[in-house]
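Remarks on the structure that follows.
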Amino acid sequence: MKTIDSDAHVIENERTWDYLDPSAKGSRPSLMTEETVDGSRRQFWVIEGRAFGRANIGLDTPKESREMADIDARIRHMDELEVDVQVLYPSLFLRPLTRRADTEIALCRSYNRWLADIWSHSKGRLRWAAVLPLSRMEEALGEARWARDNGACAVFMRGIEMDMTLDDPYFFPLYETVSDLDLPIGIHAGNNSFLWEDLFHGDSGFSRAKLSVVSAFHSLVFSGIPSRFPRLRVGFIEVSSQWVPHAVHDLTRRWERRGNKVDRSSVLRDNRLFVACQTDDDIAYVLKYAGEDNLVIGTDYGHNDTATEIEALRNLRRDSGVSATAIDKILDDNAVALYGL
């Protein structure tokens with residue numbers, strides 16, 4: 001069986017923007033360094049005059065690996081960790097960056113071409129989630145098609161996009177297109193709303209980055225989006241899985257009030273929904289609501305936050321307290337089903 005890391009990251013760097021179209025060179029982010037009073041240094045990406053901290057970098061991973069300067073080094077580290085495939089998510093794009101469509105299109109296209117280049121040198125071991133310029137839907141759909149043909153195995157979204165919840169009809173063309181392309185949506189911790197970002201400025205990250213994803217799960221299911229798009233698969237990434245029992249319980253109570261009897265253990269399976277768990281979750285309890293076929297796991301490789309566990313995939317086998325069959329599914333079968341690997 002394979003071992004699949006369903007949530008790994010790349011750290012964007014100057015090379016990320018070398019793929020910008022010549023007509024979009026003015027959109028290139030600038031990397032600035034600030035020296036603080038204590039002598040330490042902090043780096044920022046500057047985009048349209050706004051500074052975005054280049055933080056959350058996991059120093060327990062080699063720089064050349066997390067920035068993809070040496071793809072062979074990344075793969076060697078994967079071998080050491082006994083990981084066969086990593087699915088790569090962005091770092092900078094976990095927050096809102098611009099309100100200008102032309103800038104968004106340029107940044108997304110350059111990032112995607114960088115990831116496609118990485119994939120082309122990885123012998124299939126580094127797959128990736130495409131970042132789409134959702135403010136221009138036709139551009140986004142074209143980018144999804146291009147990405148599918150160049151190694152992408154998912155489309156990246158955040159729990160809030162452009163101040164809209166993900167059950168908004170604006171996104172229906174995207175759901176239809178990715179269904180046709182056999183690409184899942186990977187809803188990752190983060191948000192794309194300056195309003196939400198400013199509201200929770202100074203927050204620990206829980207409200208700003210995590211809760212919007214849990215809310216997206218609830219709103220998508222309750223509004224019937226999986227039924228409307230019966231081939232759509234959705235993953236909820238880097239928000240642990242402890243919330244699944246609460247969200248499923250709330251959904252079924254609401255359905256039951258309307259006279260609909262629902263099997264709580266089949267909500268994820270029936271709606272083709274997958275959730276990335278963590279080894280410190282009470283996985284045995286979560287499985288009662290999620291079922292064995294709909295949990296995956298990631299290491300958050302490249303980052304340093306509450307979801308990061310570089311040895312997560314090995315630790316799951318050693319410390320989770322659940323059956324070997326369930327573990328095999330989390331590490332392999334379920335990730336294959338989500339990402340179409």
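Please note that chains go A, B, ... in the order of the structure tokens, that every chain numbers its residues from 1, and that ligands are numbered from 1 in the order shown.
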query = Contacts of stretch 132-140 of chain A at 10 Å or less, counting only C-alpha atoms, minus same-chain residues fewer than 5 places along, as an NGL selection string?
reply = :A and (99-109 or 111-112 or 145-147 or 155-157 or 161-162 or 170-171 or 173-174)
Take the residues that were just selected and, keeping C-alpha atoms, output them as a PDB file, in the first residue's frame.
```pdb
ATOM      1  CA  ARG A  99      -8.930  43.033  -4.790  1.00  0.00           C
ATOM      2  CA  ARG A 100      -7.643  43.516  -8.336  1.00  0.00           C
ATOM      3  CA  ALA A 101      -8.619  40.815 -10.793  1.00  0.00           C
ATOM      4  CA  ASP A 102      -5.588  41.346 -13.029  1.00  0.00           C
ATOM      5  CA  THR A 103      -3.209  40.902 -10.092  1.00  0.00           C
ATOM      6  CA  GLU A 104      -5.049  37.831  -8.865  1.00  0.00           C
ATOM      7  CA  ILE A 105      -4.945  36.228 -12.318  1.00  0.00           C
ATOM      8  CA  ALA A 106      -1.217  36.937 -12.700  1.00  0.00           C
ATOM      9  CA  LEU A 107      -0.265  35.556  -9.266  1.00  0.00           C
ATOM     10  CA  CYS A 108      -2.391  32.420  -9.626  1.00  0.00           C
ATOM     11  CA  ARG A 109      -1.049  31.648 -13.094  1.00  0.00           C
ATOM     12  CA  TYR A 111       2.099  29.928  -8.886  1.00  0.00           C
ATOM     13  CA  ASN A 112       0.372  27.168 -10.861  1.00  0.00           C
ATOM     14  CA  ARG A 145      -8.535  22.764 -16.962  1.00  0.00           C
ATOM     15  CA  TRP A 146      -4.885  23.683 -17.551  1.00  0.00           C
ATOM     16  CA  ALA A 147      -3.898  22.589 -14.040  1.00  0.00           C
ATOM     17  CA  VAL A 155      -8.524  22.830  -6.653  1.00  0.00           C
ATOM     18  CA  PHE A 156      -7.673  24.983  -3.640  1.00  0.00           C
ATOM     19  CA  MET A 157     -10.338  27.046  -1.886  1.00  0.00           C
ATOM     20  CA  GLU A 161     -14.049  33.383  -0.837  1.00  0.00           C
ATOM     21  CA  MET A 162     -14.446  37.085  -1.727  1.00  0.00           C
ATOM     22  CA  TYR A 170     -21.598  32.159  -7.921  1.00  0.00           C
ATOM     23  CA  PHE A 171     -19.459  29.045  -7.424  1.00  0.00           C
ATOM     24  CA  PRO A 173     -19.955  26.829 -12.544  1.00  0.00           C
ATOM     25  CA  LEU A 174     -16.763  25.883 -10.714  1.00  0.00           C
TER      26      LEU A 174
END
```
query = Can you list, as a VMD selection string, every protein, DNA or RNA residue that comes within 6 Å of stretch 324-337 of chain A when you count only C-alpha atoms, leaving out same-chain residues fewer than 4 positions away?
reply = chain A and resid 2 to 4 292 to 296 341
Quick one: everything within 8 Å of stretch 56-64 of chain A, counting only C-alpha atoms, minus sequence neighbours fewer than 2 positions away in the same chain. Send it as a short mmCIF file (atom, residue, chain, number, x, y, z; two decimals) with C-alpha atoms, in the first residue's frame.
```cif
data_model
loop_
_atom_site.label_atom_id
_atom_site.label_comp_id
_atom_site.auth_asym_id
_atom_site.auth_seq_id
_atom_site.Cartn_x
_atom_site.Cartn_y
_atom_site.Cartn_z
CA ILE A 11 6.93 27.98 0.79
CA ARG A 54 6.37 35.42 5.46
CA ARG A 66 10.32 23.39 1.61
CA GLU A 67 11.08 26.03 -1.06
CA MET A 68 11.54 23.39 -3.78
CA ALA A 69 14.98 24.65 -4.74
CA ASP A 70 16.06 20.99 -4.76
CA ILE A 71 13.23 18.66 -5.71
CA ALA A 73 16.17 16.68 -1.73
CA ARG A 74 12.44 16.93 -1.03
CA TYR A 301 5.15 19.72 5.82
CA GLY A 302 6.95 23.05 5.56
CA HIS A 303 4.90 24.84 8.21
CA ASN A 304 5.14 25.33 11.96
CA ASP A 305 1.72 25.58 13.58
#
```
key: All residues 10 Å or closer to A:Glu311, only C-alpha atoms, same chain fewer than 5 positions away omitted, as a VMD selection string   = chain A and resid 81 to 83 279 298 to 299 301 316
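Closest approach to A:Glu12 among A:Gly224, A:Gly53, A:Gly26, A:Pro90: A:Pro90, based on only C-alpha atoms.
Minimum distance to A:Ala209 across A:Val178, A:Ala307, A:Arg231, A:Gly151 (counting only C-alpha atoms) occurs at A:Ala307.
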key: Backbone DSSP call of helix (DSSP H, G or I) for stretch 161-226 of chain A, listed as number ranges by chain   = A: 169-181, 194-199, 206-222, 225-226
message = Give me the residues near stretch 261-272 of chain A as a ChimeraX atom specification, where near means some atom within 12 Å (using only C-alpha atoms) and where sequence neighbours in that chain fewer than 4 positions away do not count.
response = /A:179,184-185,217-218,220-236,244-257,285-295,334,337-339
ask   = Which residue, A:Asp282, A:Glu176, A:Asp167, A:Asp203, has the smallest gap to A:Ser215 when you use only C-alpha atoms?
value = A:Asp167
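Remark: for A:Thr98, the closest of the candidate residues A:Trp119, A:Phe194, A:Trp128, A:Tyr19 is A:Phe194 (distances computed over only C-alpha atoms).
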query = Contacts of A:Ala189 at 10 Å or less, counting only C-alpha atoms, minus same-chain residues fewer than 3 places along, as a PyMOL selection string?
reply = chain A and resi 94-95+157-160+186+205-206+208-214+236-240
Could you find all residues in stretch 76-127 of chain A that DSSP calls strand (DSSP E) from the backbone, and write them as a CSV table (one decimal) with N, CA and C atoms, in the first residue's frame?
```
chain,number,residue,atom,x,y,z
A,85,VAL,N,3.6,9.9,-1.7
A,85,VAL,CA,3.1,11.0,-2.4
A,85,VAL,C,2.7,12.1,-1.5
A,86,GLN,N,3.1,13.3,-1.8
A,86,GLN,CA,2.6,14.5,-1.1
A,86,GLN,C,1.7,15.3,-2.0
A,87,VAL,N,0.6,15.8,-1.4
A,87,VAL,CA,-0.3,16.8,-2.1
A,87,VAL,C,0.0,18.1,-1.6
A,88,LEU,N,0.5,19.0,-2.5
A,88,LEU,CA,1.0,20.3,-2.1
A,88,LEU,C,0.0,21.4,-2.1
A,89,TYR,N,-0.1,22.2,-1.0
A,89,TYR,CA,-1.0,23.3,-0.9
A,89,TYR,C,-0.1,24.6,-0.7
A,126,LEU,N,5.0,14.4,-6.3
A,126,LEU,CA,4.5,15.7,-5.8
A,126,LEU,C,3.4,16.1,-6.6
A,127,ARG,N,2.2,16.0,-6.1
A,127,ARG,CA,0.9,16.4,-6.7
A,127,ARG,C,0.5,17.8,-6.1
```
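Distances here use only C-alpha atoms; by that measure, the residue among A:Asp72, A:Phe172, A:Val37, A:Val131 closest to A:Ile118 is A:Asp72.
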